[in-house]
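The structure appears right after this line, and notes come after that.
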Amino acid sequence: TPLATQRNVELFIDVDPDLTVMGDRFLLQRALANLVFNAVEFSPREATVTVDAHEVRGRVELTVRDHGPGLPPFAEERVFEKFFSLPRPDTGRKGTGLGLAFVREVATLHGGAARLANHPDGSAIATLALPRRRPR
């Protein structure tokens, strides 16, 4: 939230509170926070970032959509590699290249998957798909 406020980026969150997953709370929170942080950093000032969650075939799909430039074709297959990073649109600076690698490791550890792709309407959309925990 502090970075979003600083960049005047509005966060929209649409998450069904009945959707739950089983796993390490700290790791899952860090993975989702990383996706939101990246979305804010790659969005232009005064844009929106949307966080959504819904069930798809027994899995909870958490999606984070930015309104930035999207992924260049050369990066689509590499974004989850350790130490691979793209320059931020505003500053040209690169990150460590560890954030998305961490997200993928957390997803795998929890029996899920992570994806980052260009959205059909422009920008990028990150997905963290995890097995849904069923109520007892």
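Ligands are numbered from 1 in the order shown, residues from 1 within each chain, and chains are lettered A, B, ... in the order they appear in the structure tokens.
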
Quiz item: If you count only C-alpha atoms, which residues fall within 8 Å of Glu46 (chain A), apart from same-chain ones fewer than 3 positions away, as JSON, numbers by chain?
Solution: {"A": [7, 8, 9, 10]}

Restricting it to N, CA and C atoms, dump the selection as a short mmCIF file (atom, residue, chain, number, x, y, z; two decimals), in the first residue's frame.
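Result file follows (selection.cif):
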data_model
loop_
_atom_site.label_atom_id
_atom_site.label_comp_id
_atom_site.auth_asym_id
_atom_site.auth_seq_id
_atom_site.Cartn_x
_atom_site.Cartn_y
_atom_site.Cartn_z
N ARG A 7 2.81 6.22 -5.63
CA ARG A 7 2.68 6.28 -7.09
C ARG A 7 1.27 6.65 -7.54
N ASN A 8 0.38 6.86 -6.58
CA ASN A 8 -1.01 7.21 -6.87
C ASN A 8 -1.69 6.11 -7.70
N VAL A 9 -1.36 4.86 -7.37
CA VAL A 9 -1.95 3.69 -8.02
C VAL A 9 -3.04 3.16 -7.10
N GLU A 10 -4.21 2.94 -7.66
CA GLU A 10 -5.34 2.46 -6.87
C GLU A 10 -5.39 0.93 -6.93
#

Practice problem: Could you check which of A:Ala4, A:Ala53, A:Gly68, A:Gly112 is closest to Asp18 (chain A), using only C-alpha atoms? | Solution: A:Ala53

Quiz item: Looking at only C-alpha atoms, which of A:Thr20, A:Thr48, A:Gln6, A:Thr127 is the one that sits closest to Val103 (chain A)?
Solution: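 That would be A:Thr127, the residue with the smallest distance to Val103 (chain A).
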
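In this structure, CA of Arg132 (chain A) sits 19.4 Å away from CA of Ala33 (chain A).
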
Quiz prompt | All strand (DSSP E) residues (DSSP, backbone) inside region 14-111 of chain A, as a ChimeraX atom specification | solution = /A:14-15,48-56,59-65

Same residues, all heavy atoms, saved as a short mmCIF file (atom, residue, chain, number, x, y, z; two decimals), in the first residue's frame:
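What landed in result_16.cif:
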data_model
loop_
_atom_site.label_atom_id
_atom_site.label_comp_id
_atom_site.auth_asym_id
_atom_site.auth_seq_id
_atom_site.Cartn_x
_atom_site.Cartn_y
_atom_site.Cartn_z
N ASP A 14 -10.87 -7.95 -5.23
CA ASP A 14 -12.13 -8.67 -5.33
C ASP A 14 -11.86 -10.13 -5.04
O ASP A 14 -11.55 -10.91 -5.94
CB ASP A 14 -12.73 -8.50 -6.73
CG ASP A 14 -14.09 -9.17 -6.86
OD1 ASP A 14 -14.71 -9.48 -5.82
OD2 ASP A 14 -14.52 -9.40 -8.01
N VAL A 15 -11.91 -10.47 -3.76
CA VAL A 15 -11.57 -11.82 -3.31
C VAL A 15 -12.72 -12.38 -2.50
O VAL A 15 -13.17 -11.76 -1.53
CB VAL A 15 -10.27 -11.81 -2.47
CG1 VAL A 15 -9.95 -13.18 -1.93
CG2 VAL A 15 -9.11 -11.26 -3.29
N THR A 48 -4.49 1.62 -12.15
CA THR A 48 -5.10 0.70 -11.20
C THR A 48 -4.39 -0.65 -11.28
O THR A 48 -3.86 -1.04 -12.32
CB THR A 48 -6.60 0.47 -11.50
OG1 THR A 48 -6.73 -0.05 -12.82
CG2 THR A 48 -7.39 1.75 -11.37
N VAL A 49 -4.40 -1.34 -10.16
CA VAL A 49 -3.95 -2.73 -10.08
C VAL A 49 -5.10 -3.50 -9.48
O VAL A 49 -5.67 -3.09 -8.47
CB VAL A 49 -2.68 -2.87 -9.21
CG1 VAL A 49 -2.38 -4.32 -8.89
CG2 VAL A 49 -1.49 -2.20 -9.90
N THR A 50 -5.45 -4.61 -10.11
CA THR A 50 -6.59 -5.41 -9.68
C THR A 50 -6.11 -6.76 -9.15
O THR A 50 -5.35 -7.45 -9.82
CB THR A 50 -7.57 -5.64 -10.85
OG1 THR A 50 -7.94 -4.37 -11.38
CG2 THR A 50 -8.81 -6.38 -10.39
N VAL A 51 -6.56 -7.09 -7.94
CA VAL A 51 -6.29 -8.40 -7.34
C VAL A 51 -7.62 -9.13 -7.28
O VAL A 51 -8.60 -8.60 -6.75
CB VAL A 51 -5.68 -8.27 -5.93
CG1 VAL A 51 -5.42 -9.65 -5.32
CG2 VAL A 51 -4.41 -7.43 -5.97
N ASP A 52 -7.66 -10.32 -7.83
CA ASP A 52 -8.90 -11.08 -7.93
C ASP A 52 -8.61 -12.52 -7.52
O ASP A 52 -7.48 -12.99 -7.65
CB ASP A 52 -9.37 -11.03 -9.39
CG ASP A 52 -10.76 -11.59 -9.60
OD1 ASP A 52 -11.45 -11.86 -8.61
OD2 ASP A 52 -11.15 -11.78 -10.76
N ALA A 53 -9.61 -13.19 -7.01
CA ALA A 53 -9.48 -14.62 -6.70
C ALA A 53 -10.78 -15.31 -7.04
O ALA A 53 -11.86 -14.80 -6.75
CB ALA A 53 -9.14 -14.83 -5.23
N HIS A 54 -10.66 -16.46 -7.68
CA HIS A 54 -11.85 -17.25 -8.00
C HIS A 54 -11.44 -18.72 -8.12
O HIS A 54 -10.26 -19.04 -8.23
CB HIS A 54 -12.51 -16.74 -9.28
CG HIS A 54 -11.56 -16.64 -10.44
ND1 HIS A 54 -10.75 -15.56 -10.64
CD2 HIS A 54 -11.29 -17.51 -11.44
CE1 HIS A 54 -10.02 -15.75 -11.72
NE2 HIS A 54 -10.32 -16.92 -12.22
N GLU A 55 -12.43 -19.58 -8.06
CA GLU A 55 -12.16 -21.02 -8.16
C GLU A 55 -12.24 -21.45 -9.62
O GLU A 55 -13.17 -21.08 -10.34
CB GLU A 55 -13.16 -21.82 -7.34
CG GLU A 55 -12.86 -23.31 -7.39
CD GLU A 55 -13.78 -24.14 -6.51
OE1 GLU A 55 -14.64 -23.57 -5.84
OE2 GLU A 55 -13.61 -25.37 -6.52
N VAL A 56 -11.26 -22.21 -10.02
CA VAL A 56 -11.22 -22.79 -11.36
C VAL A 56 -10.82 -24.24 -11.22
O VAL A 56 -9.69 -24.54 -10.80
CB VAL A 56 -10.22 -22.05 -12.28
CG1 VAL A 56 -10.15 -22.71 -13.64
CG2 VAL A 56 -10.59 -20.58 -12.40
N ARG A 59 -9.19 -25.31 -7.95
CA ARG A 59 -8.02 -24.52 -7.56
C ARG A 59 -8.46 -23.08 -7.31
O ARG A 59 -9.40 -22.60 -7.90
CB ARG A 59 -6.97 -24.54 -8.66
CG ARG A 59 -6.42 -25.95 -8.89
CD ARG A 59 -5.58 -26.03 -10.13
NE ARG A 59 -4.22 -25.54 -10.01
CZ ARG A 59 -3.22 -26.21 -9.49
NH1 ARG A 59 -3.41 -27.41 -9.01
NH2 ARG A 59 -2.01 -25.71 -9.43
N VAL A 60 -7.75 -22.42 -6.45
CA VAL A 60 -7.96 -20.99 -6.24
C VAL A 60 -6.95 -20.28 -7.14
O VAL A 60 -5.74 -20.52 -7.03
CB VAL A 60 -7.75 -20.58 -4.77
CG1 VAL A 60 -7.82 -19.08 -4.62
CG2 VAL A 60 -8.79 -21.27 -3.89
N GLU A 61 -7.46 -19.45 -8.02
CA GLU A 61 -6.59 -18.66 -8.88
C GLU A 61 -6.60 -17.22 -8.41
O GLU A 61 -7.62 -16.53 -8.49
CB GLU A 61 -7.01 -18.76 -10.35
CG GLU A 61 -6.71 -20.10 -10.94
CD GLU A 61 -6.66 -20.12 -12.46
OE1 GLU A 61 -6.96 -19.07 -13.08
OE2 GLU A 61 -6.33 -21.17 -12.99
N LEU A 62 -5.47 -16.79 -7.89
CA LEU A 62 -5.26 -15.40 -7.49
C LEU A 62 -4.62 -14.71 -8.68
O LEU A 62 -3.57 -15.14 -9.16
CB LEU A 62 -4.33 -15.33 -6.29
CG LEU A 62 -4.89 -15.92 -5.00
CD1 LEU A 62 -3.78 -16.43 -4.11
CD2 LEU A 62 -5.70 -14.86 -4.30
N THR A 63 -5.25 -13.66 -9.17
CA THR A 63 -4.69 -12.93 -10.29
C THR A 63 -4.39 -11.50 -9.89
O THR A 63 -5.13 -10.90 -9.10
CB THR A 63 -5.62 -12.94 -11.52
OG1 THR A 63 -6.85 -12.34 -11.17
CG2 THR A 63 -5.85 -14.36 -12.02
N VAL A 64 -3.32 -10.97 -10.43
CA VAL A 64 -2.92 -9.59 -10.20
C VAL A 64 -2.66 -8.99 -11.57
O VAL A 64 -1.77 -9.44 -12.30
CB VAL A 64 -1.65 -9.50 -9.32
CG1 VAL A 64 -1.27 -8.05 -9.10
CG2 VAL A 64 -1.86 -10.21 -7.99
N ARG A 65 -3.47 -7.99 -11.91
CA ARG A 65 -3.33 -7.36 -13.23
C ARG A 65 -2.87 -5.92 -13.07
O ARG A 65 -3.44 -5.15 -12.30
CB ARG A 65 -4.65 -7.37 -13.98
CG ARG A 65 -4.51 -6.73 -15.35
CD ARG A 65 -5.76 -6.76 -16.16
NE ARG A 65 -5.53 -6.05 -17.40
CZ ARG A 65 -6.47 -5.52 -18.13
NH1 ARG A 65 -7.73 -5.62 -17.76
NH2 ARG A 65 -6.17 -4.86 -19.23
#

Exercise. Go ahead and compute the interatomic distance for CA of Ala114 (chain A) and CA of Leu32 (chain A), in Å to one decimal.
Key: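 These two atoms are separated by 10.6 Å.
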
Exercise. Point out the residue among A:Val106, A:Leu71, A:Ile13, A:Ala47 with the least atom-to-atom distance to Asn34 (chain A), counting only C-alpha atoms.
Key: A:Val106

Quiz item: Looking only at the backbone, which of the residues in region 57-102 of chain A does DSSP tag as alpha helix (DSSP H), as a ChimeraX atom specification?
Solution: /A:99-102

Dump N, CA, C and O atoms for the selected residues as a tab-separated table (two decimals), in the first residue's frame?
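Listed below is the output, part.tsv:
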chain	number	residue	atom	x	y	z
A	99	GLY	N	12.30	-12.05	-7.15
A	99	GLY	CA	10.91	-12.02	-6.71
A	99	GLY	C	10.02	-13.05	-7.40
A	99	GLY	O	9.33	-13.83	-6.75
A	100	LEU	N	10.03	-13.06	-8.73
A	100	LEU	CA	9.18	-14.02	-9.44
A	100	LEU	C	9.69	-15.46	-9.31
A	100	LEU	O	8.89	-16.39	-9.29
A	101	ALA	N	11.00	-15.62	-9.19
A	101	ALA	CA	11.55	-16.97	-8.94
A	101	ALA	C	11.02	-17.48	-7.60
A	101	ALA	O	10.65	-18.66	-7.46
A	102	PHE	N	10.98	-16.60	-6.60
A	102	PHE	CA	10.43	-16.95	-5.29
A	102	PHE	C	8.95	-17.33	-5.40
A	102	PHE	O	8.52	-18.32	-4.83

Quiz item: Which distance in Å separates CA of Gly92 (chain A) and CA of Leu11 (chain A), to one decimal?
Solution: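 CA of Gly92 (chain A) sits 23.1 Å away from CA of Leu11 (chain A).
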
Quiz prompt | Residue with smallest distance to Arg104 (chain A) - pool A:Lys82, A:Arg25, A:His67, A:Arg133, counting only C-alpha atoms | solution = A:Lys82

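Shortest separation to Pro72 (chain A) among A:Arg93, A:Leu86, A:Leu28, A:Leu19 occurs at residue A:Leu86, atoms counted being only C-alpha atoms.
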
Quiz item: Any idea what's packed within 9 Å of Asp90 (chain A), counting only C-alpha atoms, ignoring anything in its chain fewer than 4 positions away? Could you give it as JSON, numbers by chain?
Solution: {"A": [41, 42, 43, 44, 45]}

Quiz prompt | Best match for closeness to Ala129 (chain A) among A:Pro69, A:Gly58, A:Pro89, A:Gly95, counting only C-alpha atoms | solution =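 Distance minimum relative to Ala129 (chain A) lands on A:Gly58.
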